[in-house]
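> Just one file: final.pdb, with PDB, C-alpha atoms.
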```pdb
ATOM      1  CA  ARG A   1     145.263 107.168 127.082  1.00  0.00           C
ATOM      2  CA  TYR A   2     147.667 106.826 124.183  1.00  0.00           C
ATOM      3  CA  GLY A   3     148.735 110.449 123.883  1.00  0.00           C
ATOM      4  CA  GLY A   4     147.653 113.926 124.945  1.00  0.00           C
ATOM      5  CA  GLU A   5     144.107 113.819 123.592  1.00  0.00           C
ATOM      6  CA  GLU A   6     144.310 110.374 122.016  1.00  0.00           C
ATOM      7  CA  PHE A   7     142.976 107.071 123.265  1.00  0.00           C
ATOM      8  CA  CYS A   8     143.658 103.616 121.889  1.00  0.00           C
ATOM      9  CA  VAL A   9     141.273 100.672 121.809  1.00  0.00           C
ATOM     10  CA  LEU A  10     142.520  97.221 120.845  1.00  0.00           C
ATOM     11  CA  ALA A  11     139.568  95.207 119.572  1.00  0.00           C
ATOM     12  CA  VAL A  12     140.575  91.654 118.744  1.00  0.00           C
ATOM     13  CA  ASN A  13     138.834  89.337 116.274  1.00  0.00           C
ATOM     14  CA  MET A  14     136.848  92.157 114.677  1.00  0.00           C
ATOM     15  CA  ASP A  15     136.554  92.669 110.930  1.00  0.00           C
ATOM     16  CA  LYS A  16     136.337  96.098 109.280  1.00  0.00           C
ATOM     17  CA  GLU A  17     132.545  96.123 109.039  1.00  0.00           C
ATOM     18  CA  ALA A  18     132.104  95.245 112.714  1.00  0.00           C
ATOM     19  CA  ALA A  19     134.783  97.751 113.732  1.00  0.00           C
ATOM     20  CA  PHE A  20     133.107 100.511 111.747  1.00  0.00           C
ATOM     21  CA  THR A  21     129.740  99.710 113.339  1.00  0.00           C
ATOM     22  CA  VAL A  22     131.126  99.641 116.885  1.00  0.00           C
ATOM     23  CA  PHE A  23     133.161 102.823 116.552  1.00  0.00           C
ATOM     24  CA  ASP A  24     130.515 104.743 114.612  1.00  0.00           C
ATOM     25  CA  ASP A  25     127.987 103.834 117.318  1.00  0.00           C
ATOM     26  CA  LEU A  26     130.470 105.206 119.869  1.00  0.00           C
ATOM     27  CA  ARG A  27     130.953 108.361 117.783  1.00  0.00           C
ATOM     28  CA  ARG A  28     127.203 108.935 117.536  1.00  0.00           C
ATOM     29  CA  SER A  29     126.739 108.334 121.258  1.00  0.00           C
ATOM     30  CA  ILE A  30     129.382 110.943 122.059  1.00  0.00           C
ATOM     31  CA  GLU A  31     127.825 113.371 119.567  1.00  0.00           C
ATOM     32  CA  ARG A  32     124.417 112.980 121.255  1.00  0.00           C
ATOM     33  CA  SER A  33     125.824 113.542 124.733  1.00  0.00           C
ATOM     34  CA  ARG A  34     125.427 116.927 126.333  1.00  0.00           C
ATOM     35  CA  THR A  35     128.293 118.491 128.251  1.00  0.00           C
ATOM     36  CA  ARG A  36     127.654 121.484 130.452  1.00  0.00           C
ATOM     37  CA  VAL A  37     130.322 124.032 131.287  1.00  0.00           C
ATOM     38  CA  ASP A  38     129.495 127.225 133.170  1.00  0.00           C
ATOM     39  CA  LYS A  39     125.757 126.657 132.643  1.00  0.00           C
ATOM     40  CA  LYS A  40     126.247 126.328 128.885  1.00  0.00           C
ATOM     41  CA  THR A  41     125.788 123.182 126.853  1.00  0.00           C
ATOM     42  CA  ILE A  42     128.687 122.573 124.513  1.00  0.00           C
ATOM     43  CA  PRO A  43     128.804 120.059 121.675  1.00  0.00           C
ATOM     44  CA  VAL A  44     131.273 117.190 121.934  1.00  0.00           C
ATOM     45  CA  THR A  45     132.399 115.158 118.943  1.00  0.00           C
ATOM     46  CA  VAL A  46     135.102 112.615 118.233  1.00  0.00           C
ATOM     47  CA  SER A  47     137.197 111.640 115.237  1.00  0.00           C
ATOM     48  CA  ILE A  48     138.253 108.001 115.090  1.00  0.00           C
ATOM     49  CA  GLY A  49     140.886 106.238 113.001  1.00  0.00           C
ATOM     50  CA  VAL A  50     140.709 102.459 112.656  1.00  0.00           C
ATOM     51  CA  CYS A  51     143.099  99.848 111.293  1.00  0.00           C
ATOM     52  CA  CYS A  52     141.990  96.204 110.986  1.00  0.00           C
ATOM     53  CA  ASP A  53     144.853  94.339 109.353  1.00  0.00           C
ATOM     54  CA  PRO A  54     146.160  91.263 111.155  1.00  0.00           C
ATOM     55  CA  GLY A  55     149.005  91.087 108.623  1.00  0.00           C
ATOM     56  CA  ARG A  56     150.575  94.246 110.047  1.00  0.00           C
ATOM     57  CA  SER A  57     152.623  94.625 113.200  1.00  0.00           C
ATOM     58  CA  LEU A  58     151.105  96.439 116.161  1.00  0.00           C
ATOM     59  CA  GLU A  59     153.302  99.461 115.425  1.00  0.00           C
ATOM     60  CA  GLU A  60     152.136  99.542 111.784  1.00  0.00           C
ATOM     61  CA  MET A  61     148.507  99.234 112.804  1.00  0.00           C
ATOM     62  CA  LEU A  62     148.836 102.070 115.324  1.00  0.00           C
ATOM     63  CA  ALA A  63     150.520 104.244 112.673  1.00  0.00           C
ATOM     64  CA  ARG A  64     147.723 103.530 110.151  1.00  0.00           C
ATOM     65  CA  ALA A  65     145.006 104.210 112.738  1.00  0.00           C
ATOM     66  CA  ASP A  66     146.755 107.461 113.675  1.00  0.00           C
ATOM     67  CA  ALA A  67     146.943 108.475 110.002  1.00  0.00           C
ATOM     68  CA  MET A  68     143.216 107.789 109.633  1.00  0.00           C
ATOM     69  CA  LEU A  69     142.496 109.838 112.755  1.00  0.00           C
ATOM     70  CA  TYR A  70     144.294 112.874 111.346  1.00  0.00           C
ATOM     71  CA  GLN A  71     142.654 112.413 107.956  1.00  0.00           C
ATOM     72  CA  ALA A  72     139.264 112.377 109.708  1.00  0.00           C
ATOM     73  CA  LYS A  73     140.151 115.616 111.486  1.00  0.00           C
ATOM     74  CA  ARG A  74     141.349 117.277 108.262  1.00  0.00           C
ATOM     75  CA  SER A  75     138.239 116.239 106.356  1.00  0.00           C
ATOM     76  CA  GLY A  76     135.699 117.765 108.707  1.00  0.00           C
ATOM     77  CA  ARG A  77     135.939 115.919 112.025  1.00  0.00           C
ATOM     78  CA  ASN A  78     133.287 113.861 113.825  1.00  0.00           C
ATOM     79  CA  LYS A  79     133.736 110.747 111.708  1.00  0.00           C
ATOM     80  CA  VAL A  80     135.208 107.262 111.649  1.00  0.00           C
ATOM     81  CA  LEU A  81     137.754 106.405 108.958  1.00  0.00           C
ATOM     82  CA  LEU A  82     139.118 102.927 108.318  1.00  0.00           C
ATOM     83  CA  SER A  83     142.455 102.243 106.670  1.00  0.00           C
ATOM     84  CA  ALA A  84     142.352 100.426 103.338  1.00  0.00           C
TER      85      ALA A  84
END
```
Hey, can you dump this file as structure tokens for me?


Amino acid sequence: RYGGEEFCVLAVNMDKEAAFTVFDDLRRSIERSRTRVDKKTIPVTVSIGVCCDPGRSLEEMLARADAMLYQAKRSGRNKVLLSA
């Protein structure tokens, strides 16, 4: 757990294409899951921000991933966005 409702995954030796595939598969798996609360099924989705840039410091990469997360939320949620 990185923050209140935020989690952080450090995936080493992974390029942007592989990262997108892994995290979009995770996103789709969460979207397909069914969560029951008080006998009602509620949808669960996740927005994911990713930064794959070995030239940046850890702090810079976390900041970029966080920015992508919030951009994903602002642009409709339930998506994976990678930093440029």

> Can you tell me, as a PDB file with C-alpha atoms, keeping the file's coordinate frame, which residues sit within 12 Å of (145.2, 98.9, 115.7) in the file's frame, using only C-alpha atoms?


```
ATOM      1  CA  TYR A   2     147.667 106.826 124.183  1.00  0.00           C
ATOM      2  CA  PHE A   7     142.976 107.071 123.265  1.00  0.00           C
ATOM      3  CA  CYS A   8     143.658 103.616 121.889  1.00  0.00           C
ATOM      4  CA  VAL A   9     141.273 100.672 121.809  1.00  0.00           C
ATOM      5  CA  LEU A  10     142.520  97.221 120.845  1.00  0.00           C
ATOM      6  CA  ALA A  11     139.568  95.207 119.572  1.00  0.00           C
ATOM      7  CA  VAL A  12     140.575  91.654 118.744  1.00  0.00           C
ATOM      8  CA  ASN A  13     138.834  89.337 116.274  1.00  0.00           C
ATOM      9  CA  MET A  14     136.848  92.157 114.677  1.00  0.00           C
ATOM     10  CA  ASP A  15     136.554  92.669 110.930  1.00  0.00           C
ATOM     11  CA  LYS A  16     136.337  96.098 109.280  1.00  0.00           C
ATOM     12  CA  ALA A  19     134.783  97.751 113.732  1.00  0.00           C
ATOM     13  CA  ILE A  48     138.253 108.001 115.090  1.00  0.00           C
ATOM     14  CA  GLY A  49     140.886 106.238 113.001  1.00  0.00           C
ATOM     15  CA  VAL A  50     140.709 102.459 112.656  1.00  0.00           C
ATOM     16  CA  CYS A  51     143.099  99.848 111.293  1.00  0.00           C
ATOM     17  CA  CYS A  52     141.990  96.204 110.986  1.00  0.00           C
ATOM     18  CA  ASP A  53     144.853  94.339 109.353  1.00  0.00           C
ATOM     19  CA  PRO A  54     146.160  91.263 111.155  1.00  0.00           C
ATOM     20  CA  GLY A  55     149.005  91.087 108.623  1.00  0.00           C
ATOM     21  CA  ARG A  56     150.575  94.246 110.047  1.00  0.00           C
ATOM     22  CA  SER A  57     152.623  94.625 113.200  1.00  0.00           C
ATOM     23  CA  LEU A  58     151.105  96.439 116.161  1.00  0.00           C
ATOM     24  CA  GLU A  59     153.302  99.461 115.425  1.00  0.00           C
ATOM     25  CA  GLU A  60     152.136  99.542 111.784  1.00  0.00           C
ATOM     26  CA  MET A  61     148.507  99.234 112.804  1.00  0.00           C
ATOM     27  CA  LEU A  62     148.836 102.070 115.324  1.00  0.00           C
ATOM     28  CA  ALA A  63     150.520 104.244 112.673  1.00  0.00           C
ATOM     29  CA  ARG A  64     147.723 103.530 110.151  1.00  0.00           C
ATOM     30  CA  ALA A  65     145.006 104.210 112.738  1.00  0.00           C
ATOM     31  CA  ASP A  66     146.755 107.461 113.675  1.00  0.00           C
ATOM     32  CA  ALA A  67     146.943 108.475 110.002  1.00  0.00           C
ATOM     33  CA  MET A  68     143.216 107.789 109.633  1.00  0.00           C
ATOM     34  CA  LEU A  69     142.496 109.838 112.755  1.00  0.00           C
ATOM     35  CA  LEU A  82     139.118 102.927 108.318  1.00  0.00           C
ATOM     36  CA  SER A  83     142.455 102.243 106.670  1.00  0.00           C
TER      37      SER A  83
END
```

> Run through the PyMOL selection byres ((chain A and resi 76-80) around 7) on the given coordinates and return the selected residues as a list in words.

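Output of the PyMOL selection byres ((chain A and resi 76-80) around 7): Phe23, Asp24, Thr45, Val46, Ser47, Ile48, Gly49, Ala72, Lys73, Arg74, Ser75, Leu81 and Leu82 of chain A.
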
> Would you work out the distance separating atom CA of Val22 of chain A from atom CA of Lys40 of chain A, expressed in Å to one decimal?

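It comes out at 29.7 Å.
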
> What does the structure give for the distance between atom CA of Tyr70 of chain A and atom CA of Pro43 of chain A, in Å to one decimal?

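Computing it gives 20.0 Å between the two atoms.
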
> Could you tell me how far atom CA of Glu5 of chain A lies from atom CA of Ser33 of chain A, in Å and to one decimal?

18.3 Å

> Identify, on the basis of all atoms listed in the file, every residue whose closest approach to Arg34 of chain A does not exceed 9 Å; exclude the query and any residue fewer than 6 positions from it along the same chain; express the result as a list in words.

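Those residues are Thr41, Ile42, Pro43 and Val44 of chain A.
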
> Fix up segment 56-75 of chain A with N, CA and C atoms, then write it as a PDB file, in the coordinates of the input.


```pdb
ATOM      1  N   ARG A  56     149.646  93.178 109.658  1.00  0.00           N
ATOM      2  CA  ARG A  56     150.575  94.246 110.047  1.00  0.00           C
ATOM      3  C   ARG A  56     151.023  94.043 111.489  1.00  0.00           C
ATOM      4  N   SER A  57     152.163  94.634 111.807  1.00  0.00           N
ATOM      5  CA  SER A  57     152.623  94.625 113.200  1.00  0.00           C
ATOM      6  C   SER A  57     151.774  95.614 113.995  1.00  0.00           C
ATOM      7  N   LEU A  58     151.835  95.512 115.309  1.00  0.00           N
ATOM      8  CA  LEU A  58     151.105  96.439 116.161  1.00  0.00           C
ATOM      9  C   LEU A  58     151.519  97.875 115.865  1.00  0.00           C
ATOM     10  N   GLU A  59     152.810  98.107 115.703  1.00  0.00           N
ATOM     11  CA  GLU A  59     153.302  99.461 115.425  1.00  0.00           C
ATOM     12  C   GLU A  59     152.741  99.987 114.106  1.00  0.00           C
ATOM     13  N   GLU A  60     152.691  99.126 113.080  1.00  0.00           N
ATOM     14  CA  GLU A  60     152.136  99.542 111.784  1.00  0.00           C
ATOM     15  C   GLU A  60     150.643  99.837 111.900  1.00  0.00           C
ATOM     16  N   MET A  61     149.941  99.004 112.645  1.00  0.00           N
ATOM     17  CA  MET A  61     148.507  99.234 112.804  1.00  0.00           C
ATOM     18  C   MET A  61     148.230 100.531 113.555  1.00  0.00           C
ATOM     19  N   LEU A  62     148.999 100.810 114.591  1.00  0.00           N
ATOM     20  CA  LEU A  62     148.836 102.070 115.324  1.00  0.00           C
ATOM     21  C   LEU A  62     149.134 103.261 114.423  1.00  0.00           C
ATOM     22  N   ALA A  63     150.171 103.155 113.594  1.00  0.00           N
ATOM     23  CA  ALA A  63     150.520 104.244 112.673  1.00  0.00           C
ATOM     24  C   ALA A  63     149.404 104.469 111.657  1.00  0.00           C
ATOM     25  N   ARG A  64     148.819 103.401 111.116  1.00  0.00           N
ATOM     26  CA  ARG A  64     147.723 103.530 110.151  1.00  0.00           C
ATOM     27  C   ARG A  64     146.482 104.133 110.822  1.00  0.00           C
ATOM     28  N   ALA A  65     146.163 103.663 112.022  1.00  0.00           N
ATOM     29  CA  ALA A  65     145.006 104.210 112.738  1.00  0.00           C
ATOM     30  C   ALA A  65     145.219 105.691 113.029  1.00  0.00           C
ATOM     31  N   ASP A  66     146.433 106.058 113.404  1.00  0.00           N
ATOM     32  CA  ASP A  66     146.755 107.461 113.675  1.00  0.00           C
ATOM     33  C   ASP A  66     146.618 108.297 112.406  1.00  0.00           C
ATOM     34  N   ALA A  67     147.079 107.763 111.279  1.00  0.00           N
ATOM     35  CA  ALA A  67     146.943 108.475 110.002  1.00  0.00           C
ATOM     36  C   ALA A  67     145.470 108.676 109.654  1.00  0.00           C
ATOM     37  N   MET A  68     144.654 107.674 109.902  1.00  0.00           N
ATOM     38  CA  MET A  68     143.216 107.789 109.633  1.00  0.00           C
ATOM     39  C   MET A  68     142.566 108.813 110.555  1.00  0.00           C
ATOM     40  N   LEU A  69     143.007 108.850 111.809  1.00  0.00           N
ATOM     41  CA  LEU A  69     142.496 109.838 112.755  1.00  0.00           C
ATOM     42  C   LEU A  69     142.748 111.250 112.233  1.00  0.00           C
ATOM     43  N   TYR A  70     143.976 111.526 111.815  1.00  0.00           N
ATOM     44  CA  TYR A  70     144.294 112.874 111.346  1.00  0.00           C
ATOM     45  C   TYR A  70     143.612 113.194 110.027  1.00  0.00           C
ATOM     46  N   GLN A  71     143.411 112.188 109.187  1.00  0.00           N
ATOM     47  CA  GLN A  71     142.654 112.413 107.956  1.00  0.00           C
ATOM     48  C   GLN A  71     141.203 112.749 108.289  1.00  0.00           C
ATOM     49  N   ALA A  72     140.636 112.076 109.275  1.00  0.00           N
ATOM     50  CA  ALA A  72     139.264 112.377 109.708  1.00  0.00           C
ATOM     51  C   ALA A  72     139.165 113.811 110.220  1.00  0.00           C
ATOM     52  N   LYS A  73     140.150 114.242 110.976  1.00  0.00           N
ATOM     53  CA  LYS A  73     140.151 115.616 111.486  1.00  0.00           C
ATOM     54  C   LYS A  73     140.261 116.625 110.345  1.00  0.00           C
ATOM     55  N   ARG A  74     141.155 116.352 109.387  1.00  0.00           N
ATOM     56  CA  ARG A  74     141.349 117.277 108.262  1.00  0.00           C
ATOM     57  C   ARG A  74     140.132 117.345 107.343  1.00  0.00           C
ATOM     58  N   SER A  75     139.359 116.282 107.299  1.00  0.00           N
ATOM     59  CA  SER A  75     138.239 116.239 106.356  1.00  0.00           C
ATOM     60  C   SER A  75     136.897 116.581 107.009  1.00  0.00           C
TER      61      SER A  75
END
```
